$ cat coords.csv   # CSV, C-alpha atoms
chain,number,residue,atom,x,y,z
A,1,MET,CA,19.8,6.2,-8.0
A,2,GLY,CA,22.1,3.3,-8.6
A,3,VAL,CA,19.8,0.4,-7.8
A,4,PHE,CA,21.0,-2.9,-9.0
A,5,ASP,CA,18.7,-4.9,-11.3
A,6,GLU,CA,18.3,-7.8,-8.9
A,7,SER,CA,17.4,-5.5,-6.0
A,8,ALA,CA,15.0,-3.6,-8.3
A,9,SER,CA,13.1,-6.9,-9.1
A,10,LEU,CA,12.7,-7.6,-5.4
A,11,LEU,CA,11.5,-4.1,-4.8
A,12,VAL,CA,8.8,-4.4,-7.5
A,13,VAL,CA,7.6,-7.7,-6.1
A,14,ALA,CA,7.6,-6.2,-2.6
A,15,ALA,CA,5.6,-3.2,-3.9
A,16,LEU,CA,2.8,-5.5,-5.1
A,17,ALA,CA,2.7,-7.2,-1.7
A,18,PHE,CA,2.6,-3.8,0.0
A,19,PHE,CA,-0.3,-2.8,-2.3
A,20,TRP,CA,-2.2,-6.0,-1.3
A,21,LEU,CA,-1.6,-5.2,2.4
A,22,GLY,CA,-2.8,-1.6,1.9
A,23,MET,CA,-6.0,-2.9,0.3
A,24,LEU,CA,-6.3,-5.4,3.1
A,25,GLY,CA,-6.1,-2.6,5.6
A,26,LEU,CA,-8.8,-0.6,3.8
A,27,LEU,CA,-11.1,-3.7,3.6
A,28,TRP,CA,-10.4,-5.2,7.0
A,29,ARG,CA,-10.2,-2.3,9.4
A,30,ARG,CA,-13.3,-0.6,10.7
A,31,SER,CA,-11.5,2.3,12.4
A,32,LEU,CA,-10.9,5.3,10.2
A,33,ILE,CA,-7.5,5.7,11.9
A,34,GLY,CA,-6.6,2.1,11.0
A,35,MET,CA,-7.7,2.6,7.4
A,36,LEU,CA,-5.3,5.5,7.2
A,37,VAL,CA,-2.5,3.1,8.1
A,38,GLY,CA,-3.7,1.0,5.1
A,39,VAL,CA,-3.5,4.1,2.9
A,40,LEU,CA,0.1,4.6,4.1
A,41,PHE,CA,1.1,1.1,3.0
A,42,GLY,CA,-0.7,1.7,-0.3
A,43,TRP,CA,1.4,4.8,-0.8
A,44,LEU,CA,4.5,2.9,0.1
A,45,SER,CA,3.8,0.4,-2.6
A,46,VAL,CA,3.6,3.1,-5.2
A,47,THR,CA,6.9,4.6,-4.2
A,48,LEU,CA,8.6,1.2,-3.9
A,49,ALA,CA,7.4,0.4,-7.4
A,50,ALA,CA,8.8,3.7,-8.7
A,51,ILE,CA,12.2,3.2,-7.0
A,52,GLY,CA,12.3,-0.4,-8.3
A,53,PHE,CA,11.5,0.6,-11.9
A,54,VAL,CA,14.1,3.4,-11.7
A,55,GLY,CA,16.6,0.5,-11.1
A,56,PHE,CA,15.9,-0.7,-14.6
A,57,GLN,CA,16.7,2.7,-16.0
A,58,HIS,CA,20.4,3.1,-16.8
A,59,ASP,CA,20.2,6.6,-18.3
A,60,ALA,CA,20.3,9.8,-16.3
A,61,SER,CA,17.0,11.2,-17.5
A,62,GLY,CA,15.0,8.1,-16.6
A,63,ALA,CA,16.5,8.0,-13.1
A,64,ALA,CA,15.8,11.7,-12.6
A,65,GLY,CA,12.3,11.2,-13.7
A,66,GLY,CA,11.8,8.4,-11.3
A,67,ALA,CA,13.2,10.5,-8.4
A,68,VAL,CA,10.8,13.4,-9.3
A,69,PHE,CA,7.9,10.9,-9.4
A,70,VAL,CA,8.8,9.8,-5.9
A,71,LEU,CA,8.9,13.4,-4.6
A,72,CYS,CA,5.5,14.1,-6.2
A,73,ALA,CA,4.0,10.9,-4.7
A,74,ALA,CA,5.3,12.0,-1.2
A,75,LEU,CA,3.5,15.3,-1.6
A,76,VAL,CA,0.3,13.5,-2.5
A,77,CYS,CA,0.7,11.2,0.5
A,78,ALA,CA,1.1,14.2,2.9
A,79,LEU,CA,-2.0,15.9,1.4
A,80,GLN,CA,-4.2,12.7,1.6
A,81,VAL,CA,-3.2,12.1,5.2
A,82,ALA,CA,-4.0,15.7,6.1
A,83,LEU,CA,-7.4,15.5,4.4
A,84,GLY,CA,-8.1,12.1,5.9
A,85,LEU,CA,-7.3,13.3,9.4
A,86,ALA,CA,-9.4,16.3,8.9
A,87,ILE,CA,-12.3,14.1,7.9
A,88,VAL,CA,-11.7,11.9,10.9
A,89,VAL,CA,-11.7,14.8,13.3
A,90,ALA,CA,-14.9,16.2,11.7
A,91,ARG,CA,-16.6,12.8,12.1
A,92,ILE,CA,-15.5,12.5,15.7
A,93,ALA,CA,-16.8,16.0,16.5
A,94,ARG,CA,-20.2,15.3,14.9
A,95,HIS,CA,-20.8,11.6,15.4
A,96,GLY,CA,-18.4,10.6,18.2
A,97,THR,CA,-17.3,7.4,16.5
A,98,LEU,CA,-14.5,6.2,14.2
A,99,ASP,CA,-16.5,3.4,12.8
A,100,ALA,CA,-16.3,3.4,9.0
A,101,GLN,CA,-19.4,1.3,8.8
A,102,ASN,CA,-21.5,4.4,9.5
A,103,ALA,CA,-19.6,6.7,7.2
A,104,SER,CA,-21.2,5.9,3.9
A,105,LEU,CA,-22.4,9.5,3.5
A,106,LEU,CA,-20.0,12.5,3.2
A,107,GLU,CA,-22.4,15.0,4.9
A,108,GLY,CA,-20.3,15.2,8.0
B,1,MET,CA,20.9,-9.6,-2.0
B,2,GLY,CA,20.1,-12.0,0.9
B,3,SER,CA,20.0,-9.2,3.5
B,4,LEU,CA,17.7,-7.2,1.2
B,5,ALA,CA,15.3,-10.1,0.9
B,6,LEU,CA,15.4,-10.6,4.6
B,7,ALA,CA,14.7,-6.9,5.3
B,8,LEU,CA,11.8,-6.8,2.8
B,9,GLY,CA,10.4,-10.0,4.4
B,10,VAL,CA,10.5,-8.4,7.9
B,11,ALA,CA,8.9,-5.3,6.5
B,12,LEU,CA,6.1,-7.2,4.9
B,13,ALA,CA,5.5,-9.4,8.0
B,14,ALA,CA,5.4,-6.3,10.3
B,15,ALA,CA,3.0,-4.5,7.9
B,16,PHE,CA,0.7,-7.6,7.9
B,17,ALA,CA,0.9,-7.6,11.7
B,18,SER,CA,0.1,-3.9,11.7
B,19,ILE,CA,-3.1,-4.5,9.7
B,20,VAL,CA,-4.4,-7.6,11.5
B,21,VAL,CA,-3.8,-6.3,15.1
B,22,GLY,CA,-6.3,-3.6,14.4
B,23,ARG,CA,-8.1,-3.9,17.7
B,24,ASN,CA,-5.2,-2.3,19.5
B,25,LEU,CA,-3.9,1.0,18.0
B,26,THR,CA,-0.6,1.0,19.9
B,27,ARG,CA,0.4,-2.4,18.7
B,28,SER,CA,-0.7,-1.6,15.2
B,29,ILE,CA,1.4,1.6,15.1
B,30,ALA,CA,4.4,-0.2,16.7
B,31,ALA,CA,4.3,-2.9,14.0
B,32,GLY,CA,4.0,-0.2,11.3
B,33,ALA,CA,7.1,1.5,12.7
B,34,ILE,CA,9.0,-1.8,12.6
B,35,SER,CA,7.9,-2.3,9.0
B,36,ILE,CA,9.2,1.2,8.0
B,37,GLY,CA,12.4,0.6,9.9
B,38,ALA,CA,13.0,-2.7,8.0
B,39,LEU,CA,12.1,-0.9,4.8
B,40,ALA,CA,14.7,1.7,5.5
B,41,PHE,CA,17.4,-1.0,5.8
B,42,ALA,CA,16.1,-2.5,2.5
B,43,LEU,CA,16.0,0.7,0.5
B,44,ILE,CA,19.3,2.1,1.8
B,45,GLY,CA,21.0,-1.2,1.4
B,46,SER,CA,19.8,-1.6,-2.1
B,47,GLY,CA,21.3,1.7,-3.1
B,48,ALA,CA,18.1,3.6,-3.6
B,49,GLY,CA,19.9,6.7,-2.4
B,50,PHE,CA,18.1,10.0,-1.7
B,51,ALA,CA,14.8,8.8,-2.9
B,52,GLY,CA,14.8,5.8,-0.5
B,53,PHE,CA,15.8,8.0,2.4
B,54,PHE,CA,13.1,10.6,1.5
B,55,VAL,CA,10.4,7.9,1.2
B,56,VAL,CA,11.3,6.4,4.6
B,57,THR,CA,11.4,9.8,6.3
B,58,VAL,CA,8.0,10.8,4.9
B,59,ALA,CA,6.5,7.4,5.9
B,60,ALA,CA,7.8,7.8,9.4
B,61,LEU,CA,6.4,11.3,9.7
B,62,VAL,CA,3.0,10.2,8.4
B,63,LEU,CA,2.9,7.3,10.8
B,64,ALA,CA,3.8,9.6,13.7
B,65,THR,CA,1.0,12.0,12.7
B,66,ILE,CA,-1.5,9.1,12.5
B,67,GLN,CA,-0.3,7.9,15.9
B,68,LEU,CA,-0.7,11.4,17.4
B,69,PHE,CA,-4.2,11.8,16.1
B,70,GLY,CA,-5.1,8.2,17.1
B,71,TRP,CA,-4.0,8.8,20.7
B,72,MET,CA,-6.0,12.0,20.8
B,73,LEU,CA,-9.1,10.5,19.3
B,74,VAL,CA,-9.5,6.9,20.5
B,75,ASP,CA,-8.8,4.7,23.4
B,76,VAL,CA,-5.5,3.1,22.5
B,77,ASP,CA,-6.3,-0.2,24.1
B,78,ARG,CA,-9.4,-0.8,22.0
B,79,ASP,CA,-11.2,1.2,19.3
B,80,HIS,CA,-14.6,1.0,20.9
B,81,LEU,CA,-16.0,-0.6,17.8
B,82,PRO,CA,-18.3,-3.6,17.9
B,83,PRO,CA,-17.0,-6.8,16.3
B,84,THR,CA,-17.7,-7.2,12.6
B,85,ASP,CA,-20.6,-9.4,11.8
B,86,ARG,CA,-20.0,-12.8,10.2
B,87,ALA,CA,-21.4,-12.0,6.7
B,88,THR,CA,-19.3,-8.8,6.4
B,89,SER,CA,-16.2,-10.7,7.5
B,90,ILE,CA,-16.7,-13.4,4.9
B,91,ALA,CA,-17.4,-10.9,2.2
B,92,ARG,CA,-14.3,-8.9,3.0
B,93,SER,CA,-12.2,-12.1,3.2
B,94,LEU,CA,-13.3,-13.1,-0.3
B,95,ALA,CA,-12.7,-9.6,-1.6
B,96,PHE,CA,-9.1,-9.4,-0.5
B,97,LEU,CA,-8.4,-13.0,-1.3
B,98,LEU,CA,-9.6,-12.2,-4.9
B,99,LEU,CA,-7.3,-9.2,-5.0
B,100,GLY,CA,-4.4,-11.1,-3.6
B,101,GLY,CA,-4.9,-14.0,-6.0
B,102,GLY,CA,-4.9,-11.5,-8.9
B,103,LEU,CA,-1.6,-10.0,-7.7
B,104,VAL,CA,0.0,-13.5,-7.2
B,105,LEU,CA,-1.0,-14.4,-10.8
B,106,LEU,CA,0.5,-11.1,-12.0
B,107,VAL,CA,3.8,-11.8,-10.2
B,108,ALA,CA,3.9,-15.5,-11.2
B,109,THR,CA,3.4,-14.6,-14.9
B,110,ALA,CA,6.0,-11.9,-14.7
B,111,LEU,CA,8.6,-14.2,-13.2
B,112,ASP,CA,7.8,-16.9,-15.8
B,113,ARG,CA,8.2,-14.5,-18.7
B,114,GLY,CA,11.3,-13.0,-17.3
B,115,VAL,CA,9.9,-9.5,-17.2
B,116,PHE,CA,11.9,-8.5,-14.2
B,117,THR,CA,15.2,-9.4,-15.9
B,118,PRO,CA,16.8,-7.5,-18.8
B,119,ILE,CA,15.4,-8.7,-22.1
B,120,GLY,CA,17.4,-9.0,-25.3
B,121,GLY,CA,20.5,-7.2,-23.9
B,122,SER,CA,18.5,-4.0,-23.3
B,123,LEU,CA,18.5,-2.8,-19.8
B,124,THR,CA,15.9,-0.1,-20.3
B,125,LEU,CA,12.7,-2.0,-19.8
B,126,ALA,CA,10.5,0.5,-18.1
B,127,THR,CA,9.9,3.2,-20.6
B,128,ALA,CA,6.3,4.3,-20.9
B,129,SER,CA,5.8,2.8,-24.4
B,130,GLN,CA,7.3,-0.5,-23.5
B,131,ILE,CA,5.0,-0.8,-20.4
B,132,GLY,CA,2.0,0.1,-22.7
B,133,GLU,CA,3.1,-2.5,-25.3
B,134,LEU,CA,3.3,-5.0,-22.4
B,135,LEU,CA,0.0,-4.3,-20.8
B,136,PHE,CA,-2.0,-4.0,-24.1
B,137,GLY,CA,0.0,-6.8,-25.9
B,138,PRO,CA,1.0,-10.1,-24.2
B,139,TRP,CA,-0.4,-9.1,-20.8
B,140,ARG,CA,-3.7,-7.9,-22.1
B,141,ASP,CA,-5.8,-10.7,-20.6
B,142,LEU,CA,-3.9,-10.5,-17.3
B,143,ALA,CA,-4.2,-6.8,-17.1
B,144,THR,CA,-8.0,-7.1,-17.7
B,145,LEU,CA,-8.3,-9.7,-15.1
B,146,SER,CA,-6.4,-7.6,-12.5
B,147,GLY,CA,-8.5,-4.6,-13.4
B,148,ILE,CA,-11.7,-6.6,-12.9
B,149,ALA,CA,-10.4,-8.0,-9.5
B,150,ILE,CA,-9.6,-4.5,-8.3
B,151,ALA,CA,-12.9,-3.1,-9.5
B,152,ALA,CA,-14.8,-6.0,-7.8
B,153,THR,CA,-13.0,-5.3,-4.6
B,154,MET,CA,-13.9,-1.6,-4.6
B,155,LEU,CA,-17.5,-2.4,-5.6
B,156,ALA,CA,-17.8,-5.0,-2.8
B,157,SER,CA,-16.6,-2.4,-0.3
B,158,LEU,CA,-19.1,0.2,-1.5
B,159,MET,CA,-21.9,-2.3,-1.5
B,160,LEU,CA,-21.1,-3.4,2.0
B,161,LEU,CA,-21.2,0.2,3.2
B,162,ARG,CA,-24.4,0.8,1.3
B,163,GLY,CA,-26.0,-2.3,2.8
B,164,ASP,CA,-25.1,-1.2,6.3
B,165,GLU,CA,-26.6,2.2,5.6
B,166,GLN,CA,-29.9,0.6,4.5
B,167,GLY,CA,-29.9,-1.7,7.5
B,168,ARG,CA,-29.8,1.0,10.1

$ encode --input "coords.csv" --output "structure tokens"
Amino acid sequence: MGVFDESASLLVVAALAFFWLGMLGLLWRRSLIGMLVGVLFGWLSVTLAAIGFVGFQHDASGAAGGAVFVLCAALVCALQVALGLAIVVARIARHGTLDAQNASLLEG
Amino acid sequence: MGSLALALGVALAAAFASIVVGRNLTRSIAAGAISIGALAFALIGSGAGFAGFFVVTVAALVLATIQLFGWMLVDVDRDHLPPTDRATSIARSLAFLLLGGGLVLLVATALDRGVFTPIGGSLTLATASQIGELLFGPWRDLATLSGIAIAATMLASLMLLRGDEQGR
């Protein structure tokens, strides 16, 4: 995990921008599939921030902790996408639409 | 350094395109793939190592899964969704502009105070206690402002959905 300090600074700033893009996707898109793309960018921002902050850590334990955090975040991303797609499929089966405007209740 | 900034710029531009071309799923997924590819160049070029490779691989797999389900569930040329009404578009625009403004303030303040550069000869900035001291010390007001902005964004989204529910 030998990220240079200058690169780490850029990665942290890019992580903030990716977070904004993820929120933009969640707010702007009406399709549930499109909102999942926004969730993906939000997750990317978290992992980018973790990798960037690991760049400031110059001891082995800090770098290892950051790598473990990235692995855990990846697992959470896989789980949330699996659950999100399951919800999407359930809504398609029951309502026949991907429009998030009509999805304010979680009763299927 | 320059190539890293260029790759990150391409990744951000492609991600933005992926969000705003939402009426066409294929173009949105293609832009997302370009974004992840540029991010791969940035991460591997910056020496992120295994973590960077792992992140890019998982992101590509997740995007492929979303693409697969999207092609199964929707018409890829258009999402069959009616256009968003003007009031909702304005409210959403204000919400994400508020959030973006808060993040820009955060970055600008961080750059002004030199937070992203080593302070006082110490290169270990990002310990948990130091981040806590930063957010509850000199950054207290800014952290509160960002929290309020994020909460307002979430609340606006929920209220919009609730309003649509009542309007049906």

$ atom_distance --input "coords.csv" --atom1 "atom CA of Leu36 of chain A" --atom2 "atom CA of Ala51 of chain B"
22.7 Å

$ closest_residue --input "coords.csv" --among "A:His95, A:Leu27, A:Ala15, A:Leu32" --to "chain B" --atoms "only C-alpha atoms"
A:Leu27

$ atom_distance --input "coords.csv" --atom1 "atom CA of Leu73 of chain B" --atom2 "atom CA of Val20 of chain B"
20.3 Å

$ atom_distance --input "coords.csv" --atom1 "atom CA of Ala149 of chain B" --atom2 "atom CA of Arg92 of chain B"
13.1 Å

$ residues_around --input "coords.csv" --residues "Ala17 of chain A" --least-positions-apart "5" --cutoff "10 Å" --atoms "only C-alpha atoms" --output "list in words"
Leu11, Val12, Gly22, Met23, Phe41, Gly42 and Ser45 of chain A; Leu12, Ala15, Phe16, Gly100, Leu103, Val104 and Val107 of chain B

$ write_last_selection --input "coords.csv" --atoms "C-alpha atoms" --output "short mmCIF file (atom, residue, chain, number, x, y, z; two decimals), keeping the file's coordinate frame"
data_model
loop_
_atom_site.label_atom_id
_atom_site.label_comp_id
_atom_site.auth_asym_id
_atom_site.auth_seq_id
_atom_site.Cartn_x
_atom_site.Cartn_y
_atom_site.Cartn_z
CA LEU A 11 11.50 -4.10 -4.80
CA VAL A 12 8.80 -4.40 -7.50
CA GLY A 22 -2.80 -1.60 1.90
CA MET A 23 -6.00 -2.90 0.30
CA PHE A 41 1.10 1.10 3.00
CA GLY A 42 -0.70 1.70 -0.30
CA SER A 45 3.80 0.40 -2.60
CA LEU B 12 6.10 -7.20 4.90
CA ALA B 15 3.00 -4.50 7.90
CA PHE B 16 0.70 -7.60 7.90
CA GLY B 100 -4.40 -11.10 -3.60
CA LEU B 103 -1.60 -10.00 -7.70
CA VAL B 104 0.00 -13.50 -7.20
CA VAL B 107 3.80 -11.80 -10.20
#

$ decode --input "coords.csv" --residues "segment 2-40 of chain A" --atoms "N, CA and C atoms" --output "PDB file, in the first residue's frame"
ATOM      1  N   GLY A   2       1.778   1.356  -0.932  1.00  0.00           N
ATOM      2  CA  GLY A   2       2.684   2.480  -0.906  1.00  0.00           C
ATOM      3  C   GLY A   2       2.189   3.682  -1.688  1.00  0.00           C
ATOM      4  N   VAL A   3       1.075   4.225  -1.264  1.00  0.00           N
ATOM      5  CA  VAL A   3       0.547   5.388  -1.960  1.00  0.00           C
ATOM      6  C   VAL A   3       1.312   6.625  -1.521  1.00  0.00           C
ATOM      7  N   PHE A   4       1.745   7.456  -2.486  1.00  0.00           N
ATOM      8  CA  PHE A   4       2.455   8.677  -2.139  1.00  0.00           C
ATOM      9  C   PHE A   4       1.486   9.699  -1.569  1.00  0.00           C
ATOM     10  N   ASP A   5       2.003  10.626  -0.804  1.00  0.00           N
ATOM     11  CA  ASP A   5       1.157  11.599  -0.135  1.00  0.00           C
ATOM     12  C   ASP A   5       0.393  12.473  -1.117  1.00  0.00           C
ATOM     13  N   GLU A   6       1.067  12.893  -2.205  1.00  0.00           N
ATOM     14  CA  GLU A   6       0.395  13.753  -3.176  1.00  0.00           C
ATOM     15  C   GLU A   6      -0.749  13.004  -3.849  1.00  0.00           C
ATOM     16  N   SER A   7      -0.506  11.760  -4.214  1.00  0.00           N
ATOM     17  CA  SER A   7      -1.559  10.949  -4.820  1.00  0.00           C
ATOM     18  C   SER A   7      -2.700  10.734  -3.839  1.00  0.00           C
ATOM     19  N   ALA A   8      -2.358  10.532  -2.582  1.00  0.00           N
ATOM     20  CA  ALA A   8      -3.391  10.314  -1.571  1.00  0.00           C
ATOM     21  C   ALA A   8      -4.290  11.529  -1.452  1.00  0.00           C
ATOM     22  N   SER A   9      -3.711  12.726  -1.504  1.00  0.00           N
ATOM     23  CA  SER A   9      -4.532  13.937  -1.435  1.00  0.00           C
ATOM     24  C   SER A   9      -5.511  13.996  -2.594  1.00  0.00           C
ATOM     25  N   LEU A  10      -5.032  13.679  -3.799  1.00  0.00           N
ATOM     26  CA  LEU A  10      -5.921  13.684  -4.965  1.00  0.00           C
ATOM     27  C   LEU A  10      -7.018  12.644  -4.819  1.00  0.00           C
ATOM     28  N   LEU A  11      -6.671  11.482  -4.297  1.00  0.00           N
ATOM     29  CA  LEU A  11      -7.673  10.432  -4.143  1.00  0.00           C
ATOM     30  C   LEU A  11      -8.752  10.844  -3.155  1.00  0.00           C
ATOM     31  N   VAL A  12      -8.380  11.533  -2.080  1.00  0.00           N
ATOM     32  CA  VAL A  12      -9.376  11.965  -1.096  1.00  0.00           C
ATOM     33  C   VAL A  12     -10.308  13.004  -1.706  1.00  0.00           C
ATOM     34  N   VAL A  13      -9.751  13.954  -2.458  1.00  0.00           N
ATOM     35  CA  VAL A  13     -10.605  14.955  -3.116  1.00  0.00           C
ATOM     36  C   VAL A  13     -11.520  14.281  -4.137  1.00  0.00           C
ATOM     37  N   ALA A  14     -10.973  13.324  -4.915  1.00  0.00           N
ATOM     38  CA  ALA A  14     -11.797  12.602  -5.888  1.00  0.00           C
ATOM     39  C   ALA A  14     -12.885  11.799  -5.190  1.00  0.00           C
ATOM     40  N   ALA A  15     -12.580  11.295  -3.987  1.00  0.00           N
ATOM     41  CA  ALA A  15     -13.595  10.543  -3.241  1.00  0.00           C
ATOM     42  C   ALA A  15     -14.774  11.437  -2.898  1.00  0.00           C
ATOM     43  N   LEU A  16     -14.518  12.677  -2.490  1.00  0.00           N
ATOM     44  CA  LEU A  16     -15.613  13.607  -2.197  1.00  0.00           C
ATOM     45  C   LEU A  16     -16.446  13.866  -3.451  1.00  0.00           C
ATOM     46  N   ALA A  17     -15.771  14.032  -4.602  1.00  0.00           N
ATOM     47  CA  ALA A  17     -16.504  14.276  -5.845  1.00  0.00           C
ATOM     48  C   ALA A  17     -17.350  13.059  -6.221  1.00  0.00           C
ATOM     49  N   PHE A  18     -16.791  11.861  -6.042  1.00  0.00           N
ATOM     50  CA  PHE A  18     -17.564  10.652  -6.344  1.00  0.00           C
ATOM     51  C   PHE A  18     -18.765  10.522  -5.414  1.00  0.00           C
ATOM     52  N   PHE A  19     -18.590  10.937  -4.154  1.00  0.00           N
ATOM     53  CA  PHE A  19     -19.730  10.887  -3.224  1.00  0.00           C
ATOM     54  C   PHE A  19     -20.847  11.807  -3.695  1.00  0.00           C
ATOM     55  N   TRP A  20     -20.459  13.007  -4.158  1.00  0.00           N
ATOM     56  CA  TRP A  20     -21.458  13.941  -4.671  1.00  0.00           C
ATOM     57  C   TRP A  20     -22.158  13.345  -5.895  1.00  0.00           C
ATOM     58  N   LEU A  21     -21.399  12.691  -6.765  1.00  0.00           N
ATOM     59  CA  LEU A  21     -22.005  12.081  -7.954  1.00  0.00           C
ATOM     60  C   LEU A  21     -22.955  10.953  -7.555  1.00  0.00           C
ATOM     61  N   GLY A  22     -22.574  10.177  -6.551  1.00  0.00           N
ATOM     62  CA  GLY A  22     -23.462   9.113  -6.088  1.00  0.00           C
ATOM     63  C   GLY A  22     -24.764   9.660  -5.547  1.00  0.00           C
ATOM     64  N   MET A  23     -24.667  10.730  -4.751  1.00  0.00           N
ATOM     65  CA  MET A  23     -25.888  11.355  -4.239  1.00  0.00           C
ATOM     66  C   MET A  23     -26.709  11.948  -5.369  1.00  0.00           C
ATOM     67  N   LEU A  24     -26.021  12.514  -6.359  1.00  0.00           N
ATOM     68  CA  LEU A  24     -26.721  13.057  -7.529  1.00  0.00           C
ATOM     69  C   LEU A  24     -27.494  11.950  -8.238  1.00  0.00           C
ATOM     70  N   GLY A  25     -26.873  10.783  -8.363  1.00  0.00           N
ATOM     71  CA  GLY A  25     -27.563   9.667  -9.001  1.00  0.00           C
ATOM     72  C   GLY A  25     -28.795   9.239  -8.225  1.00  0.00           C
ATOM     73  N   LEU A  26     -28.684   9.232  -6.901  1.00  0.00           N
ATOM     74  CA  LEU A  26     -29.832   8.822  -6.091  1.00  0.00           C
ATOM     75  C   LEU A  26     -30.953   9.850  -6.171  1.00  0.00           C
ATOM     76  N   LEU A  27     -30.593  11.121  -6.298  1.00  0.00           N
ATOM     77  CA  LEU A  27     -31.615  12.171  -6.328  1.00  0.00           C
ATOM     78  C   LEU A  27     -32.188  12.364  -7.723  1.00  0.00           C
ATOM     79  N   TRP A  28     -31.347  12.205  -8.731  1.00  0.00           N
ATOM     80  CA  TRP A  28     -31.731  12.607 -10.084  1.00  0.00           C
ATOM     81  C   TRP A  28     -32.451  11.508 -10.840  1.00  0.00           C
ATOM     82  N   ARG A  29     -32.009  10.278 -10.651  1.00  0.00           N
ATOM     83  CA  ARG A  29     -32.560   9.191 -11.449  1.00  0.00           C
ATOM     84  C   ARG A  29     -33.901   8.744 -10.886  1.00  0.00           C
ATOM     85  N   ARG A  30     -34.800   8.375 -11.747  1.00  0.00           N
ATOM     86  CA  ARG A  30     -36.091   7.829 -11.323  1.00  0.00           C
ATOM     87  C   ARG A  30     -36.117   6.317 -11.446  1.00  0.00           C
ATOM     88  N   SER A  31     -35.242   5.777 -12.278  1.00  0.00           N
ATOM     89  CA  SER A  31     -35.207   4.324 -12.443  1.00  0.00           C
ATOM     90  C   SER A  31     -34.426   3.693 -11.298  1.00  0.00           C
ATOM     91  N   LEU A  32     -34.974   2.615 -10.742  1.00  0.00           N
ATOM     92  CA  LEU A  32     -34.290   1.944  -9.635  1.00  0.00           C
ATOM     93  C   LEU A  32     -32.944   1.390 -10.081  1.00  0.00           C
ATOM     94  N   ILE A  33     -32.845   0.942 -11.342  1.00  0.00           N
ATOM     95  CA  ILE A  33     -31.560   0.459 -11.860  1.00  0.00           C
ATOM     96  C   ILE A  33     -30.551   1.603 -11.897  1.00  0.00           C
ATOM     97  N   GLY A  34     -31.005   2.773 -12.350  1.00  0.00           N
ATOM     98  CA  GLY A  34     -30.117   3.935 -12.383  1.00  0.00           C
ATOM     99  C   GLY A  34     -29.675   4.351 -10.994  1.00  0.00           C
ATOM    100  N   MET A  35     -30.578   4.218 -10.015  1.00  0.00           N
ATOM    101  CA  MET A  35     -30.213   4.564  -8.644  1.00  0.00           C
ATOM    102  C   MET A  35     -29.145   3.617  -8.104  1.00  0.00           C
ATOM    103  N   LEU A  36     -29.183   2.357  -8.558  1.00  0.00           N
ATOM    104  CA  LEU A  36     -28.139   1.413  -8.128  1.00  0.00           C
ATOM    105  C   LEU A  36     -26.768   1.831  -8.657  1.00  0.00           C
ATOM    106  N   VAL A  37     -26.736   2.425  -9.864  1.00  0.00           N
ATOM    107  CA  VAL A  37     -25.464   2.950 -10.380  1.00  0.00           C
ATOM    108  C   VAL A  37     -24.960   4.068  -9.468  1.00  0.00           C
ATOM    109  N   GLY A  38     -25.888   4.912  -8.986  1.00  0.00           N
ATOM    110  CA  GLY A  38     -25.505   5.944  -8.027  1.00  0.00           C
ATOM    111  C   GLY A  38     -24.957   5.359  -6.737  1.00  0.00           C
ATOM    112  N   VAL A  39     -25.575   4.271  -6.280  1.00  0.00           N
ATOM    113  CA  VAL A  39     -25.077   3.588  -5.077  1.00  0.00           C
ATOM    114  C   VAL A  39     -23.662   3.067  -5.312  1.00  0.00           C
ATOM    115  N   LEU A  40     -23.411   2.569  -6.528  1.00  0.00           N
ATOM    116  CA  LEU A  40     -22.073   2.069  -6.857  1.00  0.00           C
ATOM    117  C   LEU A  40     -21.038   3.186  -6.750  1.00  0.00           C
TER     118      LEU A  40
END
